[in-house]
Number of protein chains: 6
Amino acid sequence: MKVTISRKAHFNAAHRLYRPDWSMEKNDSIFGKCNNPNFHGHNYDLTVSVTGTIDPETGYVMDVKILSDLIKEEVENAFDHKNLNLDVPEFATLNPTAENIVVVIWNKLRVKINPDHDLEVILYETPRNFVSYKGS
Amino acid sequence: MKVTISRKAHFNAAHRLYRPDWSMEKNDSIFGKCNNPNFHGHNYDLTVSVTGTIDPETGYVMDVKILSDLIKEEVENAFDHKNLNLDVPEFATLNPTAENIVVVIWNKLRVKINPDHDLEVILYETPRNFVSYKGS
Amino acid sequence: MKVTISRKAHFNAAHRLYRPDWSMEKNDSIFGKCNNPNFHGHNYDLTVSVTGTIDPETGYVMDVKILSDLIKEEVENAFDHKNLNLDVPEFATLNPTAENIVVVIWNKLRVKINPDHDLEVILYETPRNFVSYKGS
Amino acid sequence: MKVTISRKAHFNAAHRLYRPDWSMEKNDSIFGKCNNPNFHGHNYDLTVSVTGTIDPETGYVMDVKILSDLIKEEVENAFDHKNLNLDVPEFATLNPTAENIVVVIWNKLRVKINPDHDLEVILYETPRNFVSYKGS
Amino acid sequence: MKVTISRKAHFNAAHRLYRPDWSMEKNDSIFGKCNNPNFHGHNYDLTVSVTGTIDPETGYVMDVKILSDLIKEEVENAFDHKNLNLDVPEFATLNPTAENIVVVIWNKLRVKINPDHDLEVILYETPRNFVSYKGS
Amino acid sequence: MKVTISRKAHFNAAHRLYRPDWSMEKNDSIFGKCNNPNFHGHNYDLTVSVTGTIDPETGYVMDVKILSDLIKEEVENAFDHKNLNLDVPEFATLNPTAENIVVVIWNKLRVKINPDHDLEVILYETPRNFVSYKGS
């Protein structure tokens, strides 16, 4: 009897999509306006979902306060009000597309979550564009 | 060819999270502010999803009006403007965590829905915390 | 390592639910107010989700701009500000229920999307009623 | 000491924007896609706001249940699942633009609300387009 | 040149609407389901708006961080996860209708905000019912 | 008989809050995380409202398509996917706080809107922080 609990969070960040080994023309043709060398930014909204059995003692799958604190430590403190390309080590050589960001976040949280629990992360880059990842 | 139809609903209720067999100190350490003996409350938002094949005669998986009426009878009439701990028999001895509430709702609806159809229930306790259950 | 990317879109349309081979009485009993012979209408909201592996070169599963343009061509241009029963060929003999609309949209998009990618379409008929389809 | 209470409601309807005394070309040039002779439609969302002093006996400006019932009778029953041009007498000779609809709704509600209270109506035609009217 | 800055916040609480000097029958007839003696509850959403001139040095009307902290101290800490009737002194003898709550919040914030600034508070009791107060 | 029409739009941008004539310490003490020299960013949401009388010929205060195109030209094309500090001339020497941005947008639109019409602009910097300006 598995239940999923979910917690929403958010952070604001600047980023630029490009590959340093490509010409400006090639970067523009692939990444368009997202290749602005002066960066642009987003309010990223996040939903983290953890699936497991209900602990009969507490009635919780996992205390949502613990999940919320974990997201704060691993994601908000690391990414909020940052430039993803310049300030966040995971993107030093990794293009910060929404797809790559969601995988980085999932990997950071996966090692902190009970291995018996399943994990899914949804990341909204804008209200109309979002990505999700569940580890496979 | 299976399609899922979903209907949103909501109810307002008071509740308290605690175990009567635990001390006040232990309840506070596990349930924090949710252990207020005078109760607190929420606007619970609900999404009920039913998955099945489209009836070629009507073009419906299930008439959403029938689903909406069923949610009204089984969930809204039973839980809305109630104290979950004191007024709702299912929680007389069951801690009304979001996880336990979503399983209770799923069980109440499951017996009223065509057994050929799959059922999932999502319950928002706050706009940022929600749970989901699909029966296994 | 599969990631899902999603894009939201919308269109406004009029429709009527009925079967021409049924009497007005039977249509009323099954389709209620949706059988108004003068039509009624909705703001349909759409979420299109594509699942696949991340291209290591670009960091994209699929360029969301290409997905957005595809939705515009196949769905918005075909359905927006239209009468689904009278103006859209797919519904000439198919009842435009939400279930049938979501399958029609899925079929139109499926042939334009990389066959290695999975596709899911969610269609909101109202903010509280929605349907989803992923092809099986 | 004036407080404003507000209630949200909604209805679905079909409509067409045009003037019968203009040519099809002129109607197209002014009303664009909204001039589709087969109609299109919307989920209209409504916020009705009533401003007045708090009744010291009840703590209410106006019982929101009474306001909600009034909106149901005057607006939802009259407009929901209707073709505004063909089924609603107020638009027999009045173009059902969002501006004209919000004034019609305000006039219908104004005569039913305590004359000591101020009234404002906001009408969403789509999630991104809306109009408001407060009577002057 | 006056600009308005707004901050959203929220709290969860239980309450009951009734007058102890009225009979149960009279309370039921006026307050309906809200008169449940075991209480019910809501997720209250709050928007606090402060209007003033832009400080040319900082570009701020008021630092939104200071406004956010003030709402936390005066409103969230006082009301969140509380029973408004039993735990909050302001409602010991005042019926906690949305109208009365919004005035209480406004009064608590008014004395903490620069007197040159205008103040408005909007309080959502449910997603469809809300009230607002600006002090006159 | 004045009606207000409103249109929502959005843009994504990077920015940094600071004064070049202040030390890094003073900037940090006033602007906190917003003073990151590498910038951060937001999805800015915009509501533009125009108030005037209904044209009896068309039933419009102003064609919302014209308003939408104007916002696209003056705001979205100028600000979207830009670094406000480095790419937008208006902020070359003006700190891009939400308050200053909303006044700049209002000024750009005011000269393009019928002088008989009133204009208000609301700018969301995050879903919980927003500002508004109506010109006085």
# chains A, B, ... in the order shown; residues from 1 in each chain; ligands from 1

$ interface_residues --of "chain B" --to "chain A" --cutoff "8 Å" --atoms "only C-alpha atoms" --output "PyMOL selection string"
chain B and resi 30+95-97+99-100+128-136

$ select_by_dssp --residues "chain C" --states "strand (DSSP E)" --output "ChimeraX atom specification"
/C:2-15,40-53,82-83,118-126,129-133

$ select_by_dssp --residues "stretch 42-116 of chain C" --states "helix (DSSP H, G or I)" --output "JSON, numbers by chain"
{"C": [64, 65, 66, 67, 68, 69, 70, 71, 72, 73, 74, 75, 76, 77, 78, 79, 84, 85, 86, 87, 89, 90, 91, 98, 99, 100, 101, 102, 103, 104, 105, 106, 107, 108, 109, 110]}

$ write_last_selection --atoms "N, CA, C and O atoms" --output "CSV table (one decimal), in the first residue's frame"
chain,number,residue,atom,x,y,z
C,64,VAL,N,12.0,22.6,-26.7
C,64,VAL,CA,10.6,23.0,-26.4
C,64,VAL,C,10.0,24.0,-27.3
C,64,VAL,O,8.8,24.0,-27.5
C,65,LYS,N,10.9,24.7,-28.0
C,65,LYS,CA,10.4,25.7,-29.1
C,65,LYS,C,9.8,24.9,-30.2
C,65,LYS,O,8.7,25.2,-30.8
C,66,ILE,N,10.4,23.8,-30.6
C,66,ILE,CA,9.9,22.9,-31.7
C,66,ILE,C,8.6,22.3,-31.2
C,66,ILE,O,7.6,22.2,-32.0
C,67,LEU,N,8.5,21.8,-30.0
C,67,LEU,CA,7.3,21.2,-29.5
C,67,LEU,C,6.2,22.3,-29.5
C,67,LEU,O,5.0,22.0,-29.9
C,68,SER,N,6.5,23.5,-29.0
C,68,SER,CA,5.5,24.5,-29.0
C,68,SER,C,5.0,24.9,-30.4
C,68,SER,O,3.8,25.1,-30.6
C,69,ASP,N,5.9,25.0,-31.3
C,69,ASP,CA,5.5,25.3,-32.7
C,69,ASP,C,4.6,24.1,-33.3
C,69,ASP,O,3.6,24.4,-34.0
C,70,LEU,N,4.9,22.9,-32.9
C,70,LEU,CA,4.1,21.8,-33.4
C,70,LEU,C,2.7,21.8,-32.8
C,70,LEU,O,1.7,21.6,-33.6
C,71,ILE,N,2.6,22.1,-31.5
C,71,ILE,CA,1.3,22.3,-30.9
C,71,ILE,C,0.5,23.4,-31.6
C,71,ILE,O,-0.7,23.2,-31.9
C,72,LYS,N,1.2,24.5,-31.9
C,72,LYS,CA,0.5,25.6,-32.6
C,72,LYS,C,0.0,25.1,-33.9
C,72,LYS,O,-1.2,25.4,-34.3
C,73,GLU,N,0.8,24.5,-34.7
C,73,GLU,CA,0.4,24.0,-36.1
C,73,GLU,C,-0.8,23.0,-36.0
C,73,GLU,O,-1.8,23.1,-36.7
C,74,GLU,N,-0.6,22.0,-35.2
C,74,GLU,CA,-1.5,20.8,-35.2
C,74,GLU,C,-2.7,21.0,-34.4
C,74,GLU,O,-3.8,20.5,-34.8
C,75,VAL,N,-2.6,21.8,-33.3
C,75,VAL,CA,-3.8,21.9,-32.4
C,75,VAL,C,-4.4,23.3,-32.4
C,75,VAL,O,-5.6,23.5,-32.7
C,76,GLU,N,-3.6,24.3,-32.1
C,76,GLU,CA,-4.1,25.7,-32.0
C,76,GLU,C,-4.7,26.2,-33.3
C,76,GLU,O,-5.8,26.7,-33.4
C,77,ASN,N,-3.9,26.1,-34.4
C,77,ASN,CA,-4.4,26.5,-35.7
C,77,ASN,C,-5.7,25.8,-36.1
C,77,ASN,O,-6.5,26.3,-36.8
C,78,ALA,N,-5.8,24.5,-35.7
C,78,ALA,CA,-6.9,23.7,-36.2
C,78,ALA,C,-8.1,23.9,-35.3
C,78,ALA,O,-9.3,23.7,-35.8
C,79,PHE,N,-8.0,24.2,-34.1
C,79,PHE,CA,-9.1,24.1,-33.1
C,79,PHE,C,-9.5,25.5,-32.6
C,79,PHE,O,-10.6,25.7,-32.1
C,84,LEU,N,-16.2,23.0,-32.9
C,84,LEU,CA,-15.6,21.6,-33.1
C,84,LEU,C,-16.5,20.8,-34.0
C,84,LEU,O,-16.0,20.1,-34.9
C,85,ASN,N,-17.8,20.8,-33.7
C,85,ASN,CA,-18.7,20.0,-34.5
C,85,ASN,C,-18.8,20.4,-36.0
C,85,ASN,O,-18.8,19.5,-36.9
C,86,LEU,N,-18.7,21.7,-36.3
C,86,LEU,CA,-19.0,22.2,-37.6
C,86,LEU,C,-17.7,22.5,-38.4
C,86,LEU,O,-17.7,22.4,-39.6
C,87,ASP,N,-16.7,22.9,-37.7
C,87,ASP,CA,-15.5,23.4,-38.4
C,87,ASP,C,-14.3,22.4,-38.4
C,87,ASP,O,-13.3,22.7,-39.1
C,89,PRO,N,-12.8,18.7,-39.1
C,89,PRO,CA,-13.2,17.5,-39.8
C,89,PRO,C,-13.2,16.2,-38.9
C,89,PRO,O,-14.1,15.4,-39.1
C,90,GLU,N,-12.3,16.2,-38.0
C,90,GLU,CA,-12.2,15.0,-37.1
C,90,GLU,C,-13.5,14.7,-36.4
C,90,GLU,O,-13.8,13.6,-35.9
C,91,PHE,N,-14.3,15.8,-36.1
C,91,PHE,CA,-15.5,15.6,-35.3
C,91,PHE,C,-16.8,15.7,-36.2
C,91,PHE,O,-17.9,15.8,-35.7
C,98,ALA,N,-14.6,15.4,-24.2
C,98,ALA,CA,-13.2,15.6,-23.8
C,98,ALA,C,-12.3,14.4,-24.1
C,98,ALA,O,-11.2,14.5,-24.6
C,99,GLU,N,-12.9,13.2,-23.8
C,99,GLU,CA,-12.1,12.0,-24.1
C,99,GLU,C,-11.8,11.8,-25.6
C,99,GLU,O,-10.7,11.5,-26.0
C,100,ASN,N,-12.8,12.1,-26.5
C,100,ASN,CA,-12.5,12.0,-27.9
C,100,ASN,C,-11.6,13.0,-28.4
C,100,ASN,O,-10.7,12.8,-29.2
C,101,ILE,N,-11.7,14.2,-27.8
C,101,ILE,CA,-10.8,15.3,-28.3
C,101,ILE,C,-9.3,15.0,-27.9
C,101,ILE,O,-8.4,15.2,-28.7
C,102,VAL,N,-9.1,14.5,-26.7
C,102,VAL,CA,-7.7,14.2,-26.3
C,102,VAL,C,-7.1,13.1,-27.1
C,102,VAL,O,-5.9,13.2,-27.4
C,103,VAL,N,-7.9,12.1,-27.5
C,103,VAL,CA,-7.4,11.1,-28.4
C,103,VAL,C,-7.1,11.6,-29.8
C,103,VAL,O,-6.0,11.3,-30.4
C,104,VAL,N,-7.9,12.5,-30.3
C,104,VAL,CA,-7.7,13.1,-31.6
C,104,VAL,C,-6.4,13.9,-31.6
C,104,VAL,O,-5.5,13.8,-32.5
C,105,ILE,N,-6.2,14.7,-30.5
C,105,ILE,CA,-5.0,15.5,-30.4
C,105,ILE,C,-3.7,14.6,-30.3
C,105,ILE,O,-2.7,14.8,-31.0
C,106,TRP,N,-3.8,13.6,-29.5
C,106,TRP,CA,-2.7,12.7,-29.3
C,106,TRP,C,-2.3,12.1,-30.7
C,106,TRP,O,-1.1,12.0,-31.0
C,107,ASN,N,-3.3,11.6,-31.5
C,107,ASN,CA,-3.1,11.0,-32.8
C,107,ASN,C,-2.4,12.0,-33.7
C,107,ASN,O,-1.5,11.6,-34.5
C,108,LYS,N,-2.9,13.3,-33.7
C,108,LYS,CA,-2.3,14.3,-34.6
C,108,LYS,C,-0.8,14.5,-34.2
C,108,LYS,O,0.0,14.8,-35.1
C,109,LEU,N,-0.5,14.5,-32.9
C,109,LEU,CA,0.9,14.8,-32.5
C,109,LEU,C,1.8,13.6,-32.6
C,109,LEU,O,3.0,13.7,-33.0
C,110,ARG,N,1.2,12.4,-32.4
C,110,ARG,CA,2.1,11.2,-32.3
C,110,ARG,C,2.9,11.0,-33.6
C,110,ARG,O,4.1,10.7,-33.6

$ atom_distance --atom1 "atom CA of E:Lys33" --atom2 "atom CA of E:Arg16"
9.1 Å

$ decode --residues "stretch 22-77 of chain C" --atoms "C-alpha atoms" --output "short mmCIF file (atom, residue, chain, number, x, y, z; two decimals), in the first residue's frame"
data_model
loop_
_atom_site.label_atom_id
_atom_site.label_comp_id
_atom_site.auth_asym_id
_atom_site.auth_seq_id
_atom_site.Cartn_x
_atom_site.Cartn_y
_atom_site.Cartn_z
CA TRP C 22 -30.68 9.53 -30.97
CA SER C 23 -33.84 11.47 -30.11
CA MET C 24 -33.58 14.89 -28.45
CA GLU C 25 -34.93 13.26 -25.26
CA LYS C 26 -32.28 10.56 -25.21
CA ASN C 27 -29.53 13.09 -25.96
CA ASP C 28 -30.79 15.29 -23.11
CA SER C 29 -30.86 12.37 -20.70
CA ILE C 30 -27.25 11.43 -21.48
CA PHE C 31 -25.60 14.76 -22.30
CA GLY C 32 -27.75 17.21 -20.27
CA LYS C 33 -26.91 20.89 -20.80
CA CYS C 34 -24.09 19.88 -23.17
CA ASN C 35 -26.74 18.99 -25.76
CA ASN C 36 -27.76 22.66 -26.31
CA PRO C 37 -28.41 22.76 -30.11
CA ASN C 38 -27.02 26.31 -30.21
CA PHE C 39 -23.69 25.09 -28.76
CA HIS C 40 -21.73 26.21 -25.69
CA GLY C 41 -17.97 26.60 -25.31
CA HIS C 42 -14.78 26.29 -23.35
CA ASN C 43 -11.24 27.56 -22.90
CA TYR C 44 -9.40 24.29 -23.38
CA ASP C 45 -6.00 24.06 -21.66
CA LEU C 46 -3.54 21.50 -22.92
CA THR C 47 -0.38 19.93 -21.53
CA VAL C 48 1.74 17.91 -23.97
CA SER C 49 4.48 15.73 -22.44
CA VAL C 50 7.30 14.03 -24.35
CA THR C 51 9.55 11.48 -22.64
CA GLY C 52 12.97 10.44 -23.90
CA THR C 53 16.68 10.46 -23.17
CA ILE C 54 18.65 13.71 -22.90
CA ASP C 55 20.74 14.48 -25.99
CA PRO C 56 24.23 14.89 -24.45
CA GLU C 57 25.17 17.49 -27.08
CA THR C 58 22.36 19.98 -26.35
CA GLY C 59 21.09 18.92 -22.93
CA TYR C 60 17.60 18.73 -24.46
CA VAL C 61 15.19 15.79 -24.78
CA MET C 62 13.55 17.88 -27.49
CA ASP C 63 13.73 21.62 -28.11
CA VAL C 64 10.61 22.96 -26.35
CA LYS C 65 10.38 25.65 -29.05
CA ILE C 66 9.90 22.92 -31.66
CA LEU C 67 7.29 21.23 -29.46
CA SER C 68 5.52 24.54 -28.96
CA ASP C 69 5.47 25.26 -32.71
CA LEU C 70 4.15 21.76 -33.39
CA ILE C 71 1.27 22.25 -30.93
CA LYS C 72 0.52 25.58 -32.58
CA GLU C 73 0.35 24.04 -36.07
CA GLU C 74 -1.47 20.84 -35.24
CA VAL C 75 -3.78 21.92 -32.43
CA GLU C 76 -4.14 25.68 -31.97
CA ASN C 77 -4.42 26.55 -35.67
#
